[in-house]
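Trainee: Below is start-v7.txt; it holds compact mmCIF, C-alpha atoms.
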# COMPACT_ATOMS: atom_id res chain seq x y z
CA MET A 24 17.17 -1.77 -33.03
CA LEU A 25 17.28 -5.10 -31.24
CA ILE A 26 18.15 -3.38 -27.95
CA ILE A 27 15.33 -0.88 -28.43
CA GLY A 28 12.95 -3.73 -29.17
CA LEU A 29 14.00 -5.63 -26.06
CA ASP A 30 13.65 -2.49 -23.93
CA TYR A 31 10.17 -1.89 -25.31
CA PHE A 32 9.20 -5.49 -24.60
CA GLN A 33 10.45 -5.30 -21.02
CA TYR A 34 8.77 -1.98 -20.32
CA ARG A 35 5.48 -3.26 -21.75
CA ILE A 36 5.61 -6.39 -19.58
CA TRP A 37 6.66 -4.25 -16.64
CA TRP A 38 3.95 -1.58 -17.00
CA HIS A 39 1.12 -4.03 -17.79
CA TYR A 40 2.29 -6.55 -15.23
CA ARG A 41 -0.24 -8.94 -13.71
CA PRO A 42 1.00 -11.45 -11.13
CA ASP A 43 0.75 -15.21 -11.26
CA GLY A 44 -2.71 -16.26 -10.17
CA VAL A 45 -4.50 -13.47 -12.05
CA ASP A 46 -5.82 -15.02 -15.23
CA ARG A 47 -7.54 -13.60 -18.26
CA LYS A 48 -11.16 -14.62 -18.77
CA GLY A 49 -12.14 -15.73 -22.23
CA PHE A 50 -10.18 -15.55 -25.47
CA CYS A 51 -10.21 -11.81 -26.08
CA CYS A 52 -6.87 -10.14 -25.30
CA CYS A 53 -8.82 -7.43 -23.47
CA ALA A 54 -10.63 -9.88 -21.21
CA ARG A 55 -9.61 -9.55 -17.58
CA GLU A 56 -10.41 -11.38 -14.40
CA GLU A 57 -13.01 -9.43 -12.48
CA SER A 58 -11.68 -7.37 -9.58
CA ASP A 59 -12.98 -4.98 -6.97
CA SER A 60 -13.60 -1.58 -8.58
CA ARG A 61 -11.36 0.07 -5.98
CA HIS A 62 -8.34 -1.99 -7.00
CA GLU A 63 -6.41 0.28 -9.37
CA ARG A 64 -3.55 -1.94 -10.48
CA PHE A 65 -0.71 -4.29 -9.66
CA LEU A 66 2.89 -3.11 -9.74
CA PRO A 67 6.01 -5.31 -9.85
CA SER A 68 8.35 -4.54 -6.97
CA PRO A 69 11.21 -3.26 -9.20
CA LEU A 70 8.94 -0.48 -10.46
CA ALA A 71 8.27 0.65 -6.92
CA ALA A 72 11.76 2.09 -6.46
CA LYS A 73 13.31 -1.10 -5.14
CA TYR A 74 16.36 -0.63 -7.38
CA ARG A 75 16.15 3.11 -7.93
CA ASP A 76 19.42 5.02 -8.10
CA PRO A 77 18.73 8.39 -6.40
CA HIS A 78 21.68 9.95 -8.23
CA GLU A 79 20.12 9.43 -11.67
CA ILE A 80 18.29 12.40 -13.23
CA GLY A 81 14.59 12.11 -12.42
CA ASN A 82 15.16 9.64 -9.60
CA GLN A 83 16.02 12.10 -6.86
CA PRO A 84 13.93 11.94 -3.66
CA CYS A 85 10.90 14.22 -3.61
CA ALA A 86 11.36 17.73 -2.21
CA TYR A 87 8.97 17.82 0.73
CA SER A 88 6.83 20.86 1.44
CA ALA A 89 7.23 22.92 4.61
CA ASN A 90 4.38 21.04 6.29
CA GLY A 91 6.03 17.67 5.67
CA ASN A 92 4.00 16.41 2.69
CA CYS A 93 5.21 15.16 -0.66
CA PRO A 94 4.02 17.73 -3.25
CA ASN A 95 2.53 14.95 -5.42
CA LEU A 96 -0.05 13.08 -3.38
CA SER A 97 -1.43 10.85 -6.13
CA LEU A 98 -1.79 7.19 -5.22
CA GLN A 99 0.37 5.96 -8.10
CA HIS A 100 3.17 8.42 -7.29
CA ILE A 101 3.10 7.39 -3.63
CA ALA A 102 3.27 3.70 -4.54
CA ILE A 103 6.15 4.16 -6.99
CA PHE A 104 8.28 6.77 -5.24
CA HIS A 105 7.54 6.18 -1.56
CA ALA A 106 7.12 2.43 -1.31
CA TYR A 107 10.44 1.67 0.32
CA ASP A 108 12.04 4.88 1.46
CA SER A 109 9.85 7.40 3.27
CA MET A 110 6.49 8.54 4.61
CA PRO A 111 4.62 10.69 2.07
CA GLN A 112 2.47 12.61 4.53
CA HIS A 113 2.83 14.60 7.70
CA ARG A 114 1.76 12.82 10.87
CA TYR A 115 -2.02 12.47 10.99
CA ASP A 116 -3.80 15.64 12.13
CA ASN A 117 -7.52 15.36 12.82
CA GLY A 118 -8.06 18.98 11.83
CA ILE A 119 -6.35 18.60 8.43
CA HIS A 120 -6.64 15.07 7.06
CA THR A 121 -9.99 13.70 5.96
CA MET A 122 -8.17 11.24 3.68
CA TYR A 123 -4.89 9.58 4.56
CA PHE A 124 -2.51 7.16 2.85
CA GLY A 125 -2.26 3.81 4.56
CA PHE A 126 0.28 1.03 4.01
CA HIS A 127 -0.51 -2.64 4.50
CA GLN A 128 1.55 -5.82 4.13
CA THR A 129 0.14 -9.29 3.63
CA SER A 130 0.74 -12.55 1.77
CA SER A 131 0.60 -12.71 -2.02
CA VAL A 132 -2.41 -15.05 -1.81
CA ALA A 133 -4.29 -12.62 0.45
CA ALA A 134 -3.35 -9.73 -1.86
CA LEU A 135 -4.97 -11.49 -4.83
CA SER A 136 -8.10 -11.96 -2.73
CA ILE A 137 -8.10 -8.25 -1.82
CA ALA A 138 -7.79 -7.34 -5.50
CA ARG A 139 -10.87 -9.44 -6.28
CA GLU A 140 -13.06 -8.83 -3.23
CA GLY A 141 -11.65 -5.93 -1.23
CA PHE A 142 -10.32 -5.77 2.32
CA ARG A 143 -11.78 -7.72 5.21
CA SER A 144 -11.75 -6.72 8.87
CA SER A 145 -9.53 -8.57 11.32
CA THR A 146 -11.66 -9.89 14.18
CA ALA A 147 -9.65 -12.81 15.61
CA GLY A 148 -6.47 -13.03 17.63
CA LEU A 149 -4.72 -10.29 19.58
CA LEU A 150 -5.74 -6.99 18.01
CA MET A 151 -4.06 -3.97 19.57
CA LEU A 152 -6.47 -1.43 18.07
CA GLY A 153 -9.51 -3.69 18.08
CA HIS A 154 -11.47 -5.08 15.15
CA GLY A 155 -10.95 -3.59 11.70
CA VAL A 156 -8.50 -3.09 8.83
CA TYR A 157 -4.97 -2.08 9.86
CA PHE A 158 -2.57 0.37 8.20
CA ALA A 159 0.80 1.96 8.94
CA ARG A 160 2.25 5.31 7.81
CA SER A 161 4.82 3.64 5.57
CA PHE A 162 5.77 0.20 4.29
CA ALA A 163 8.74 0.24 6.66
CA GLY A 164 6.22 0.63 9.46
CA THR A 165 4.42 -2.56 8.41
CA ASP A 166 7.50 -4.80 8.66
CA PRO A 167 7.52 -5.47 12.42
CA LYS A 168 3.73 -5.80 12.57
CA ALA A 169 2.70 -7.79 9.50
CA ARG A 170 1.63 -11.36 10.22
CA HIS A 171 2.17 -12.35 6.58
CA LYS A 172 4.46 -11.01 3.86
CA GLY A 173 4.75 -11.19 0.07
CA ALA A 174 2.73 -8.18 -1.06
CA LEU A 175 2.62 -4.49 -0.18
CA ILE A 176 -0.53 -2.40 -0.54
CA CYS A 177 -0.73 1.38 -0.71
CA ALA A 178 -4.26 2.68 -0.11
CA GLU A 179 -6.19 5.92 0.11
CA VAL A 180 -8.35 5.78 3.23
CA ARG A 181 -11.30 7.88 4.39
CA MET A 182 -10.63 8.52 8.08
CA GLY A 183 -14.05 9.73 9.27
CA ASN A 184 -14.47 10.32 13.00
CA VAL A 185 -11.10 9.44 14.53
CA LEU A 186 -10.41 8.27 18.07
CA PRO A 187 -6.79 9.09 19.01
CA VAL A 188 -5.02 6.76 21.43
CA VAL A 189 -1.58 6.61 23.03
CA TYR A 190 0.20 3.78 24.80
CA ASP A 191 -1.56 4.38 28.13
CA THR A 192 -5.02 4.25 26.53
CA LEU A 193 -4.58 1.26 24.22
CA HIS A 194 -6.47 -0.94 26.66
CA THR A 195 -9.66 1.00 25.87
CA VAL A 196 -9.74 -0.26 22.27
CA SER A 197 -7.76 -3.53 22.20
CA ASN A 198 -9.49 -6.77 21.14
CA SER A 199 -12.87 -5.07 20.88
CA ASP A 200 -15.26 -3.38 18.48
CA ALA A 201 -16.87 -1.22 21.17
CA TRP A 202 -15.32 1.92 19.67
CA HIS A 203 -17.23 1.23 16.43
CA GLN A 204 -20.33 2.68 18.06
CA THR A 205 -18.86 6.18 18.25
CA HIS A 206 -15.88 6.34 15.85
CA ASP A 207 -14.81 5.25 12.37
CA THR A 208 -11.07 4.99 12.97
CA VAL A 209 -8.60 4.51 15.81
CA TYR A 210 -5.25 6.25 15.32
CA TYR A 211 -2.38 5.20 17.58
CA TYR A 212 0.13 7.99 18.23
CA HIS A 213 3.19 5.89 18.96
CA ARG A 214 6.05 7.24 21.06
CA ASN A 215 8.09 6.98 17.86
CA GLU A 216 5.92 8.65 15.21
CA GLN A 217 7.41 6.50 12.44
CA CYS A 218 5.65 3.55 14.08
CA ASP A 219 2.17 5.12 14.10
CA GLU A 220 -0.66 2.91 12.88
CA PHE A 221 -4.40 3.12 12.50
CA CYS A 222 -7.40 0.85 12.19
CA VAL A 223 -10.64 1.55 10.31
CA LYS A 224 -13.85 -0.19 11.30
CA ASP A 225 -15.36 -0.51 7.82
CA PRO A 226 -13.48 -1.87 4.78
CA LYS A 227 -15.55 0.55 2.67
CA GLN A 228 -13.41 3.35 4.12
CA VAL A 229 -10.58 2.03 1.94
CA LEU A 230 -11.36 4.01 -1.21
CA LYS A 231 -8.72 2.69 -3.63
CA TRP A 232 -5.42 0.86 -3.60
CA ILE A 233 -2.39 -0.34 -5.56
CA ILE A 234 -0.78 -3.71 -4.86
CA ILE A 235 2.98 -4.19 -5.19
CA MET A 236 3.99 -7.80 -5.81
CA ASP A 237 7.28 -9.68 -5.83
CA ASP A 238 6.62 -13.04 -7.47
CA ASP A 239 8.33 -15.56 -9.73
CA LYS A 240 6.88 -13.91 -12.83
CA ILE A 241 9.20 -10.93 -12.29
CA ARG A 242 12.21 -13.24 -12.23
CA ARG A 243 11.03 -15.28 -15.21
CA TYR A 244 10.99 -12.13 -17.34
CA GLY A 245 14.30 -10.92 -15.90
CA LEU A 246 12.83 -7.69 -14.59
CA ASP A 247 14.57 -8.10 -11.24
CA LYS A 248 17.95 -7.84 -12.99
CA ALA A 249 17.32 -5.71 -16.08
CA PHE A 250 15.44 -2.93 -14.34
CA GLU A 251 17.62 -0.60 -12.29
CA ASN A 252 15.95 2.81 -12.33
CA THR A 253 12.46 4.23 -11.96
CA LEU A 254 12.73 6.05 -15.28
What is this structure when it is put down as structure tokens?
Mentor:
Amino acid sequence: MLIIGLDYFQYRIWWHYRPDGVDRKGFCCCAREESDSRHERFLPSPLAAKYRDPHEIGNQPCAYSANGNCPNLSLQHIAIFHAYDSMPQHRYDNGIHTMYFGFHQTSSVAALSIAREGFRSSTAGLLMLGHGVYFARSFAGTDPKARHKGALICAEVRMGNVLPVVYDTLHTVSNSDAWHQTHDTVYYYHRNEQCDEFCVKDPKQVLKWIIIMDDDKIRRYGLDKAFENTL
């Protein structure tokens, strides 16, 4: 019974996880800090398949459809089962995808700000696809590009009118917002499709998101050691 009780306690902490820096408001146990309505939830990194054993029943990789999509394209499934290992969707096709999953990496401090206030456009510094909010096709794709690390964000994005670019045409969009006049999104078809990325001009195109955190709270509760499987 003690083991069952401890397991229940850990799963409750794990499933209702809120990172350090997100405080309750007031004395009611239901009181929560206000957040952007598009922010769905926080997830601790162990829940997002970081320690998943693919040989365990229920933990096997998803069986992709013939067109290259995961059969379960819900945001929570994508965040939990595709955070670290694969791309959930076929390469962007303007004739098929009106919505697309985007992956973003930033600092834990910035992630808390996004949870409260939403995304903000990047407008300073060297910006390969111009001004806007940047996403990759997978979290692995964010690693070489992210300026800050500590939190991973999986988002559902409305693509709108998309301007496709390749390496030879990057100069037409870099460090500029001129393309905002005619398009909603720039999609860069990289020579290696796993490195594709895209930029949306309006943060309102980011419809909802889940934030995956890896903070000291996880280690304080022992979830980084006790949790080994997704199920």
Trainee: Could you check the closest approach to Asp200 of chain A for each of A:Ser136, A:Gln228, A:Ser145, A:Gln112 and tell me which residue wins, using only C-alpha atoms?
Mentor: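 For Asp200 of chain A, the nearest of the candidates is A:Ser145.
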Trainee: Which residue out of A:Glu216, A:Arg41, A:Tyr244, A:Gln128 has the minimum interatomic distance to Ala169 of chain A when all atoms listed in the file are used?
Mentor: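 Result for the nearest residue to Ala169 of chain A: A:Gln128.
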Trainee: Pick from A:Val229, A:Ala106, A:Met236, A:Ala86: nearest to Gly183 of chain A, with only C-alpha atoms counted?
Mentor: A:Val229
Trainee: Using only C-alpha atoms, which residue out of A:Ile176, A:Ser199, A:Ile103, A:Val132 lies closest to Leu149 of chain A?
Mentor: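 Looking at the shortest contact to Leu149 of chain A, the residue is A:Ser199.
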Trainee: Restricting the calculation to all atoms listed in the file: of A:Cys85, A:Val223, A:Ala147, A:Ala178, which residue gets closest to His105 of chain A?
Mentor: A:Cys85
Trainee: From (-16.0, 8.1, 9.0), in the file's coordinates, out to 10 Å: which residues are reached, counting all atoms listed in the file? Answer as a PyMOL selection string.
Mentor: chain A and resi 121-122+180-185+205-208+223-225+227-228
Trainee: In Å, rounded to a single decimal, give me how far atom CA of Cys222 of chain A is from atom CA of Ala138 of chain A.
Mentor: 19.5 Å
Trainee: If we count all atoms listed in the file and set the cut-off at 9 Å, which residues sit around Gly173 of chain A, ignoring sequence neighbours fewer than 4 positions away in its own chain? Please answer as a PyMOL selection string.
Mentor: chain A and resi 128-132+134+235-238
Trainee: Could you dump the residues just selected with C-alpha atoms as a compact mmCIF listing (two decimals), keeping the file's coordinate frame?
Mentor:
# COMPACT_ATOMS: atom_id res chain seq x y z
CA GLN A 128 1.55 -5.82 4.13
CA THR A 129 0.14 -9.29 3.63
CA SER A 130 0.74 -12.55 1.77
CA SER A 131 0.60 -12.71 -2.02
CA VAL A 132 -2.41 -15.05 -1.81
CA ALA A 134 -3.35 -9.73 -1.86
CA ILE A 235 2.98 -4.19 -5.19
CA MET A 236 3.99 -7.80 -5.81
CA ASP A 237 7.28 -9.68 -5.83
CA ASP A 238 6.62 -13.04 -7.47
Trainee: So that I can check the surroundings of His213 of chain A, please list as a list in words every protein, DNA and RNA residue that reaches within 7 Å of it, counting only C-alpha atoms and ignoring chain neighbours fewer than 5 positions away.
Mentor: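 Using only C-alpha atoms, the neighbours found are Val189, Tyr190, Cys218 and Asp219 of chain A.
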Trainee: Have a look at atom CA of Gln204 of chain A and atom CA of Pro167 of chain A and let me know their distance in Å, one decimal.
Mentor: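 If I compute the distance from atom CA of Gln204 of chain A to atom CA of Pro167 of chain A, I get 29.6 Å.
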Trainee: Need the shell around Thr192 of chain A: protein/DNA/RNA residues with any atom at most 12 Å away, counting all atoms listed in the file. Skip same-chain ones fewer than 5 positions apart. Format as a compact mmCIF listing (two decimals) with C-alpha atoms, in the coordinates of the input?
Mentor:
# COMPACT_ATOMS: atom_id res chain seq x y z
CA MET A 151 -4.06 -3.97 19.57
CA LEU A 152 -6.47 -1.43 18.07
CA LEU A 186 -10.41 8.27 18.07
CA PRO A 187 -6.79 9.09 19.01
CA SER A 197 -7.76 -3.53 22.20
CA VAL A 209 -8.60 4.51 15.81
CA TYR A 210 -5.25 6.25 15.32
CA TYR A 211 -2.38 5.20 17.58
CA TYR A 212 0.13 7.99 18.23
CA HIS A 213 3.19 5.89 18.96
Trainee: Taking all atoms listed in the file into account, name the residue in A:Pro111, A:His62, A:His154, A:Ser88 that is nearest to His203 of chain A.
Mentor: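 Of all the options, A:His154 lies closest to His203 of chain A.
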Trainee: Kindly give the distance, in Å, that separates atom CA of Ala159 of chain A and atom CA of Asp43 of chain A, rounded to a single decimal.
Mentor: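 Rounded to one decimal, the two atoms are 26.5 Å apart.
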Trainee: Give me the residues near Gln99 of chain A as an MDAnalysis selection string, where near means some atom within 10 Å (using only C-alpha atoms) and where sequence neighbours in that chain fewer than 2 positions away do not count.
Mentor: chainID A and resid 63:64 66 71 95:97 101:105 177:178 232:233
